[in-house]
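Trainee: Got a structure for you, target.pdb, holding PDB, C-alpha atoms and all ligand atoms.
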```
MODEL        1
ATOM      1  CA  MET C  29      69.642  14.058 -19.345
ATOM      2  CA  ALA C  30      66.029  15.196 -19.438
ATOM      3  CA  GLN C  31      64.764  18.633 -20.295
ATOM      4  CA  LEU C  32      62.857  20.089 -17.335
ATOM      5  CA  ILE C  33      59.235  21.003 -17.970
ATOM      6  CA  ASP C  34      58.879  24.319 -16.168
ATOM      7  CA  GLY C  35      55.287  24.474 -14.940
ATOM      8  CA  LYS C  36      55.935  27.628 -12.965
ATOM      9  CA  LYS C  37      57.056  29.497 -16.085
ATOM     10  CA  ILE C  38      54.205  28.198 -18.287
ATOM     11  CA  SER C  39      51.661  28.932 -15.543
ATOM     12  CA  LYS C  40      52.908  32.536 -15.389
ATOM     13  CA  GLU C  41      52.666  32.812 -19.197
ATOM     14  CA  ILE C  42      49.058  31.568 -19.136
ATOM     15  CA  LYS C  43      48.091  33.871 -16.279
ATOM     16  CA  ASP C  44      49.611  36.841 -18.155
ATOM     17  CA  GLU C  45      47.635  35.907 -21.298
ATOM     18  CA  LEU C  46      44.462  35.627 -19.212
ATOM     19  CA  LYS C  47      45.141  38.938 -17.449
ATOM     20  CA  ALA C  48      45.290  40.716 -20.846
ATOM     21  CA  GLU C  49      42.109  38.929 -21.979
ATOM     22  CA  VAL C  50      40.249  39.814 -18.760
ATOM     23  CA  ALA C  51      41.225  43.493 -19.145
ATOM     24  CA  GLU C  52      39.585  43.474 -22.615
ATOM     25  CA  LEU C  53      36.480  41.625 -21.386
ATOM     26  CA  LEU C  54      36.051  44.059 -18.475
ATOM     27  CA  LYS C  55      36.180  46.941 -20.971
ATOM     28  CA  GLN C  56      33.343  45.246 -22.887
ATOM     29  CA  GLY C  57      31.265  45.280 -19.697
ATOM     30  CA  LYS C  58      31.705  41.604 -18.811
ATOM     31  CA  THR C  59      32.296  40.675 -15.173
ATOM     32  CA  CYS C  60      33.662  37.661 -13.344
ATOM     33  CA  ALA C  61      33.520  36.510  -9.747
ATOM     34  CA  LEU C  62      34.702  33.188  -8.375
ATOM     35  CA  ALA C  63      33.172  31.934  -5.110
ATOM     36  CA  VAL C  64      35.816  30.023  -3.155
ATOM     37  CA  ILE C  65      34.454  27.816  -0.373
ATOM     38  CA  GLN C  66      36.583  26.160   2.301
ATOM     39  CA  VAL C  67      35.061  24.072   5.076
ATOM     40  CA  GLY C  68      37.324  23.646   8.110
ATOM     41  CA  ASP C  69      40.939  24.765   8.333
ATOM     42  CA  ASP C  70      43.048  21.972   6.880
ATOM     43  CA  PRO C  71      46.453  23.682   6.460
ATOM     44  CA  ALA C  72      47.151  22.257   2.954
ATOM     45  CA  SER C  73      43.689  23.331   1.757
ATOM     46  CA  SER C  74      44.264  26.810   3.206
ATOM     47  CA  VAL C  75      47.471  27.129   1.145
ATOM     48  CA  TYR C  76      45.709  26.005  -2.073
ATOM     49  CA  VAL C  77      42.719  28.274  -1.468
ATOM     50  CA  GLY C  78      45.017  31.220  -0.702
ATOM     51  CA  ASN C  79      46.925  30.641  -3.950
ATOM     52  CA  LYS C  80      43.674  30.458  -5.929
ATOM     53  CA  LYS C  81      42.501  33.787  -4.499
ATOM     54  CA  LYS C  82      45.901  35.343  -5.231
ATOM     55  CA  ALA C  83      45.698  34.159  -8.851
ATOM     56  CA  CYS C  84      42.220  35.714  -9.178
ATOM     57  CA  ALA C  85      43.561  39.050  -7.928
ATOM     58  CA  TYR C  86      46.516  38.802 -10.354
ATOM     59  CA  ILE C  87      44.413  38.255 -13.463
ATOM     60  CA  GLY C  88      41.722  40.758 -12.450
ATOM     61  CA  ILE C  89      38.774  38.628 -11.426
ATOM     62  CA  GLU C  90      36.954  38.979  -8.164
ATOM     63  CA  SER C  91      37.107  36.205  -5.567
ATOM     64  CA  LEU C  92      34.402  35.821  -2.953
ATOM     65  CA  SER C  93      35.624  34.004   0.113
ATOM     66  CA  TYR C  94      33.468  31.600   2.137
ATOM     67  CA  GLU C  95      35.434  30.218   5.071
ATOM     68  CA  LEU C  96      33.061  27.900   6.908
ATOM     69  CA  PRO C  97      33.653  26.097  10.217
ATOM     70  CA  GLU C  98      34.394  22.349  10.325
ATOM     71  CA  SER C  99      30.973  21.871  11.995
ATOM     72  CA  THR C 100      29.094  23.130   8.896
ATOM     73  CA  THR C 101      26.361  20.631   7.962
ATOM     74  CA  GLU C 102      25.790  19.257   4.469
ATOM     75  CA  GLU C 103      22.416  21.062   4.403
ATOM     76  CA  GLU C 104      24.079  24.400   5.216
ATOM     77  CA  LEU C 105      26.684  23.920   2.494
ATOM     78  CA  LEU C 106      24.025  22.869  -0.049
ATOM     79  CA  SER C 107      21.999  25.954   0.828
ATOM     80  CA  LEU C 108      25.036  28.218   0.240
ATOM     81  CA  ILE C 109      25.660  26.515  -3.124
ATOM     82  CA  ASP C 110      22.006  26.976  -4.072
ATOM     83  CA  LYS C 111      22.288  30.690  -3.285
ATOM     84  CA  LEU C 112      25.516  31.002  -5.339
ATOM     85  CA  ASN C 113      24.004  29.019  -8.251
ATOM     86  CA  LYS C 114      21.171  31.563  -8.412
ATOM     87  CA  ASP C 115      23.389  34.659  -8.037
ATOM     88  CA  PRO C 116      24.023  36.196 -11.494
ATOM     89  CA  LYS C 117      27.096  38.034 -10.158
ATOM     90  CA  VAL C 118      28.845  34.679  -9.466
ATOM     91  CA  HIS C 119      30.340  32.897 -12.493
ATOM     92  CA  GLY C 120      32.365  30.151 -10.852
ATOM     93  CA  ILE C 121      31.927  28.098  -7.679
ATOM     94  CA  LEU C 122      34.840  26.210  -6.197
ATOM     95  CA  CYS C 123      34.436  24.079  -3.104
ATOM     96  CA  GLN C 124      37.867  22.957  -1.924
ATOM     97  CA  LEU C 125      38.189  19.194  -1.381
ATOM     98  CA  PRO C 126      38.544  17.167   0.781
ATOM     99  CA  LEU C 127      35.466  18.036   2.809
ATOM    100  CA  PRO C 128      34.939  16.915   6.438
ATOM    101  CA  SER C 129      33.784  13.282   6.539
ATOM    102  CA  HIS C 130      30.203  14.142   7.606
ATOM    103  CA  ILE C 131      29.647  15.893   4.245
ATOM    104  CA  CYS C 132      29.189  13.754   1.130
ATOM    105  CA  GLU C 133      31.488  15.146  -1.569
ATOM    106  CA  ASP C 134      29.352  13.695  -4.358
ATOM    107  CA  HIS C 135      26.265  15.537  -3.102
ATOM    108  CA  ILE C 136      28.208  18.814  -3.201
ATOM    109  CA  ILE C 137      29.754  18.165  -6.634
ATOM    110  CA  HIS C 138      26.310  17.314  -8.042
ATOM    111  CA  ALA C 139      24.761  20.458  -6.507
ATOM    112  CA  ILE C 140      27.074  22.974  -8.199
ATOM    113  CA  SER C 141      25.540  24.231 -11.454
ATOM    114  CA  PRO C 142      27.482  22.706 -14.405
ATOM    115  CA  LYS C 143      27.696  26.248 -15.847
ATOM    116  CA  LYS C 144      29.575  27.430 -12.739
ATOM    117  CA  ASP C 145      31.574  24.231 -12.192
ATOM    118  CA  VAL C 146      35.014  25.671 -12.965
ATOM    119  CA  ASP C 147      36.620  22.588 -11.351
ATOM    120  CA  GLY C 148      35.056  20.371 -14.043
ATOM    121  CA  PHE C 149      33.881  17.801 -11.480
ATOM    122  CA  HIS C 150      30.113  17.772 -12.237
ATOM    123  CA  PRO C 151      28.917  14.581 -14.004
ATOM    124  CA  GLN C 152      27.583  16.710 -16.892
ATOM    125  CA  ASN C 153      31.030  18.183 -17.525
ATOM    126  CA  VAL C 154      32.678  14.761 -17.107
ATOM    127  CA  GLY C 155      30.139  13.326 -19.575
ATOM    128  CA  ASN C 156      30.914  16.074 -22.087
ATOM    129  CA  LEU C 157      34.577  15.160 -21.837
ATOM    130  CA  VAL C 158      33.765  11.486 -22.472
ATOM    131  CA  ILE C 159      31.837  12.241 -25.677
ATOM    132  CA  GLY C 160      34.145  15.038 -26.853
ATOM    133  CA  GLU C 161      31.728  17.943 -26.332
ATOM    134  CA  LYS C 162      32.527  21.350 -24.863
ATOM    135  CA  GLY C 163      32.506  21.734 -21.084
ATOM    136  CA  PHE C 164      34.738  22.524 -18.139
ATOM    137  CA  VAL C 165      37.641  20.092 -17.792
ATOM    138  CA  SER C 166      39.324  19.146 -14.502
ATOM    139  CA  CYS C 167      42.216  21.572 -14.016
ATOM    140  CA  THR C 168      45.188  19.293 -13.233
ATOM    141  CA  PRO C 169      44.822  17.025 -16.304
ATOM    142  CA  ALA C 170      43.982  20.030 -18.511
ATOM    143  CA  GLY C 171      47.184  21.655 -17.229
ATOM    144  CA  ILE C 172      49.242  18.592 -18.151
ATOM    145  CA  ILE C 173      47.913  18.682 -21.737
ATOM    146  CA  GLU C 174      48.780  22.383 -21.898
ATOM    147  CA  LEU C 175      52.341  21.684 -20.675
ATOM    148  CA  LEU C 176      52.852  18.976 -23.317
ATOM    149  CA  LYS C 177      51.468  21.247 -26.060
ATOM    150  CA  ARG C 178      53.567  24.249 -25.064
ATOM    151  CA  TYR C 179      56.715  22.066 -25.025
ATOM    152  CA  GLN C 180      55.627  20.717 -28.438
ATOM    153  CA  ILE C 181      55.740  17.146 -27.179
ATOM    154  CA  PRO C 182      53.761  15.012 -29.634
ATOM    155  CA  MET C 183      50.917  12.902 -28.231
ATOM    156  CA  ASP C 184      49.352  11.604 -31.463
ATOM    157  CA  GLY C 185      49.945   7.859 -31.775
ATOM    158  CA  LYS C 186      52.129   7.729 -28.655
ATOM    159  CA  HIS C 187      51.610   5.158 -25.923
ATOM    160  CA  CYS C 188      50.550   7.046 -22.816
ATOM    161  CA  VAL C 189      50.393   5.152 -19.522
ATOM    162  CA  VAL C 190      48.390   6.864 -16.767
ATOM    163  CA  VAL C 191      49.026   5.476 -13.286
ATOM    164  CA  GLY C 192      46.008   6.317 -11.102
ATOM    165  CA  ARG C 193      42.255   6.314 -11.800
ATOM    166  CA  SER C 194      40.857   9.088  -9.604
ATOM    167  CA  ASN C 195      37.895  11.133 -10.828
ATOM    168  CA  ILE C 196      39.953  14.328 -10.508
ATOM    169  CA  VAL C 197      43.156  13.266 -12.293
ATOM    170  CA  GLY C 198      43.529   9.722 -13.676
ATOM    171  CA  LYS C 199      40.192   9.299 -15.467
ATOM    172  CA  PRO C 200      39.974  12.773 -17.076
ATOM    173  CA  MET C 201      43.691  12.578 -17.922
ATOM    174  CA  SER C 202      43.132   9.354 -19.848
ATOM    175  CA  LEU C 203      40.192  10.864 -21.761
ATOM    176  CA  LEU C 204      42.166  13.990 -22.654
ATOM    177  CA  MET C 205      45.074  11.879 -23.919
ATOM    178  CA  LEU C 206      42.615   9.858 -25.990
ATOM    179  CA  ARG C 207      41.271  13.127 -27.426
ATOM    180  CA  GLU C 208      44.875  13.886 -28.503
ATOM    181  CA  ASN C 209      44.980  10.528 -30.323
ATOM    182  CA  ALA C 210      47.331   8.809 -27.895
ATOM    183  CA  THR C 211      46.998   5.087 -27.201
ATOM    184  CA  VAL C 212      46.096   5.076 -23.523
ATOM    185  CA  THR C 213      46.635   2.487 -20.791
ATOM    186  CA  ILE C 214      45.204   3.159 -17.327
ATOM    187  CA  CYS C 215      46.898   1.443 -14.379
ATOM    188  CA  HIS C 216      45.734   1.355 -10.773
ATOM    189  CA  SER C 217      46.241  -0.381  -7.446
ATOM    190  CA  HIS C 218      45.004  -3.760  -8.801
ATOM    191  CA  THR C 219      47.149  -3.681 -11.952
ATOM    192  CA  GLN C 220      49.441  -6.655 -12.377
ATOM    193  CA  ASN C 221      52.894  -6.092 -13.901
ATOM    194  CA  LEU C 222      52.774  -2.335 -13.247
ATOM    195  CA  LYS C 223      56.503  -1.986 -13.831
ATOM    196  CA  GLU C 224      56.429  -3.753 -17.204
ATOM    197  CA  ILE C 225      53.484  -1.655 -18.426
ATOM    198  CA  CYS C 226      55.111   1.603 -17.298
ATOM    199  CA  ARG C 227      58.283   0.623 -19.156
ATOM    200  CA  GLU C 228      56.268   0.608 -22.396
ATOM    201  CA  ALA C 229      55.156   4.216 -22.013
ATOM    202  CA  ASP C 230      56.293   6.974 -24.354
ATOM    203  CA  ILE C 231      54.496   9.327 -21.977
ATOM    204  CA  LEU C 232      54.210   8.213 -18.342
ATOM    205  CA  ILE C 233      51.789  10.157 -16.143
ATOM    206  CA  VAL C 234      52.066   9.257 -12.479
ATOM    207  CA  ALA C 235      49.237  10.096 -10.066
ATOM    208  CA  ILE C 236      49.337   7.317  -7.489
ATOM    209  CA  GLY C 237      49.737   9.401  -4.355
ATOM    210  CA  LYS C 238      52.712   7.427  -2.996
ATOM    211  CA  PRO C 239      55.894   9.394  -2.309
ATOM    212  CA  ARG C 240      58.928   8.475  -4.479
ATOM    213  CA  TYR C 241      57.351   5.232  -5.740
ATOM    214  CA  ILE C 242      58.400   5.279  -9.396
ATOM    215  CA  GLY C 243      62.116   4.656  -9.936
ATOM    216  CA  ALA C 244      64.277   4.321 -13.050
ATOM    217  CA  ASP C 245      63.241   0.673 -13.487
ATOM    218  CA  TYR C 246      59.687   1.822 -14.344
ATOM    219  CA  VAL C 247      60.811   4.112 -17.149
ATOM    220  CA  LYS C 248      61.738   3.500 -20.791
ATOM    221  CA  ASP C 249      64.748   5.350 -22.209
ATOM    222  CA  ASN C 250      63.721   8.805 -23.469
ATOM    223  CA  ALA C 251      60.193   8.632 -22.041
ATOM    224  CA  VAL C 252      58.339  11.809 -21.065
ATOM    225  CA  VAL C 253      57.600  11.627 -17.321
ATOM    226  CA  ILE C 254      54.863  13.710 -15.689
ATOM    227  CA  ASP C 255      54.705  13.604 -11.875
ATOM    228  CA  VAL C 256      51.365  14.633 -10.372
ATOM    229  CA  GLY C 257      52.258  13.667  -6.788
ATOM    230  CA  ILE C 258      53.047  16.155  -4.059
ATOM    231  CA  HIS C 259      54.167  15.042  -0.608
ATOM    232  CA  ARG C 260      56.314  16.246   2.268
ATOM    233  CA  ASN C 261      59.192  13.979   3.239
ATOM    234  CA  ALA C 262      60.674  13.464   6.719
ATOM    235  CA  GLU C 263      62.773  16.661   6.345
ATOM    236  CA  ASN C 264      59.587  18.589   5.420
ATOM    237  CA  LYS C 265      60.782  18.950   1.794
ATOM    238  CA  LEU C 266      58.346  18.548  -1.105
ATOM    239  CA  CYS C 267      58.652  15.449  -3.272
ATOM    240  CA  GLY C 268      56.568  13.705  -5.917
ATOM    241  CA  ASP C 269      55.484  10.138  -6.789
ATOM    242  CA  VAL C 270      58.671   9.801  -8.895
ATOM    243  CA  ILE C 271      62.237   9.353  -7.620
ATOM    244  CA  PHE C 272      63.373  12.398  -9.559
ATOM    245  CA  GLU C 273      67.168  11.966  -9.398
ATOM    246  CA  GLU C 274      66.889   8.346 -10.610
ATOM    247  CA  VAL C 275      64.423   8.948 -13.428
ATOM    248  CA  GLU C 276      65.718  12.276 -14.738
ATOM    249  CA  PRO C 277      68.875  10.867 -16.452
ATOM    250  CA  LYS C 278      66.716   8.355 -18.358
ATOM    251  CA  ALA C 279      63.833  10.570 -19.433
ATOM    252  CA  SER C 280      63.661  12.988 -22.376
ATOM    253  CA  TYR C 281      61.400  15.412 -20.476
ATOM    254  CA  ILE C 282      60.372  15.455 -16.807
ATOM    255  CA  THR C 283      58.292  17.661 -14.504
ATOM    256  CA  PRO C 284      59.916  18.621 -11.188
ATOM    257  CA  VAL C 285      58.125  18.729  -7.819
ATOM    258  CA  PRO C 286      57.556  21.482  -6.882
ATOM    259  CA  GLY C 287      57.271  23.694  -9.980
ATOM    260  CA  GLY C 288      55.909  21.152 -12.482
ATOM    261  CA  VAL C 289      52.252  20.152 -12.582
ATOM    262  CA  GLY C 290      51.183  22.017  -9.383
ATOM    263  CA  PRO C 291      51.203  25.597 -10.703
ATOM    264  CA  MET C 292      49.324  24.493 -13.829
ATOM    265  CA  THR C 293      46.226  23.489 -11.828
ATOM    266  CA  ILE C 294      45.675  27.091 -10.776
ATOM    267  CA  ALA C 295      46.428  28.457 -14.267
ATOM    268  CA  MET C 296      43.754  26.162 -15.747
ATOM    269  CA  LEU C 297      41.284  27.089 -12.996
ATOM    270  CA  MET C 298      41.778  30.719 -14.055
ATOM    271  CA  HIS C 299      41.329  29.645 -17.701
ATOM    272  CA  ASN C 300      37.994  28.016 -16.779
ATOM    273  CA  CYS C 301      36.883  31.143 -14.890
ATOM    274  CA  VAL C 302      37.618  33.294 -17.957
ATOM    275  CA  GLU C 303      35.635  30.807 -20.119
ATOM    276  CA  ALA C 304      32.703  31.163 -17.680
ATOM    277  CA  MET C 305      33.055  34.961 -17.913
ATOM    278  CA  LYS C 306      32.956  34.822 -21.734
ATOM    279  CA  LEU C 307      30.036  32.408 -21.901
ATOM    280  CA  TYR C 308      27.771  33.519 -19.117
ATOM    281  CA  SER C 309      28.389  37.164 -18.046
TER
HETATM  282  N1  LIG C 401      41.513  19.381  -3.822
HETATM  283  C1  LIG C 401      42.633  18.949  -4.443
HETATM  284  N2  LIG C 401      42.638  19.373  -5.732
HETATM  285  C2  LIG C 401      41.501  20.067  -5.918
HETATM  286  C3  LIG C 401      40.946  20.764  -7.032
HETATM  287  O1  LIG C 401      41.487  20.814  -8.143
HETATM  288  N3  LIG C 401      39.756  21.390  -6.799
HETATM  289  C4  LIG C 401      39.124  21.351  -5.599
HETATM  290  N4  LIG C 401      37.948  21.971  -5.490
HETATM  291  N5  LIG C 401      39.606  20.716  -4.549
HETATM  292  C5  LIG C 401      40.798  20.084  -4.717
ENDMDL
END
```
Now that the file is in, can you turn its structure into structure tokens?
Ligand code: GUN
Mentor:
Amino acid sequence: MAQLIDGKKISKEIKDELKAEVAELLKQGKTCALAVIQVGDDPASSVYVGNKKKACAYIGIESLSYELPESTTEEELLSLIDKLNKDPKVHGILCQLPLPSHICEDHIIHAISPKKDVDGFHPQNVGNLVIGEKGFVSCTPAGIIELLKRYQIPMDGKHCVVVGRSNIVGKPMSLLMLRENATVTICHSHTQNLKEICREADILIVAIGKPRYIGADYVKDNAVVIDVGIHRNAENKLCGDVIFEEVEPKASYITPVPGGVGPMTIAMLMHNCVEAMKLYS
């Protein structure tokens, strides 16, 4: 039976550490404000944005809310970002994705100053990750590394298979695992023999975006299984990319959905905001 990796508990620990750090930094005269932009009213995005603002309030940083209508043009959004880039009182800018289809996400990601890019999506920050230099790192993969470290799960020399190659999760995840000296295989929708490759993983990180896709036959005995997926099933219950009840008896460690990777994304966003506060306020 696997040990559960409790992302909710670790996220709370990190937020408490950050809260204490922010209290000290505020005493030293530093300040921090995160601009949170949402375009349109996608219900899932509203939940995420609400949780991000709540986390800011909890750790003691200011959040500035920009709730823009669905009809907002790319030019209007770029002009807001330009204003926030130039505002010395703003240390982080987060524009919740996805954006409406008439706005090019790449244009927006490129427009946010790399110094305020607490999501770690700007090509300069991605490039820094590739060459092992300092910079903001995408929050979900950074959170997974933090979970593995806090559960003292070794990564050095292990075979890590990452399923998914998105810019937000799969690619940065692979680079972070490489930085930890893992041997990394990246799989994606064109991969042949996916099952066989997954069965070789000491650490299997699943970010394919398909509900309950990975069953016990994809998992080696005693593997560490990290499930990045989050979906609602027919009964409106949350589930991941992994068939939890099948995989759990085989794994040594596993993240549940909900309460695994999800809460870590926000904890690492707060970590990045505090880094921005330390570096630039
Ligand atoms: N949409 C889904 N995940 C994320 C994230 O980490 N940051 C932003 N800005 N949008 C998202």
Trainee: Using all atoms listed in the file, what are the residues with an atom within 10 Å of ligand LIG 401 (chain C), set out as a PyMOL selection string?
Mentor: chain C and resi 64-66+72-73+76-77+80+121-127+137+145-149+166-169+196-197+290+293-294+296-297
Trainee: Would you kindly return, as a PyMOL selection string, each protein, DNA or RNA residue with an atom no farther than 9 Å from any atom of stretch 242-249 of chain C, considering only C-alpha atoms and excluding same-chain residues fewer than 6 positions away?
Mentor: chain C and resi 222-230+232+234+269-280
Trainee: Run through the PyMOL selection byres (((chain C and resi 107-113) around 10) and not hetatm) on the given coordinates and return the selected residues as a ChimeraX atom specification.
Mentor: /C:62-63,65,94,101-106,114-123,136-137,139-145
Trainee: What is the distance between atom CA of C:Val256 and atom CA of C:Leu206, in Å to one decimal?
Mentor: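 Distance between the two atoms: 18.5 Å.
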Trainee: Mind listing as a list in words all residues within 7 Å of (60.5, 13.6, -20.7), counting all atoms listed in the file?
Mentor: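 Output: Ala30, Gln31, Asn250, Ala251, Val252, Val253, Ala279, Ser280, Tyr281 and Ile282 of chain C.
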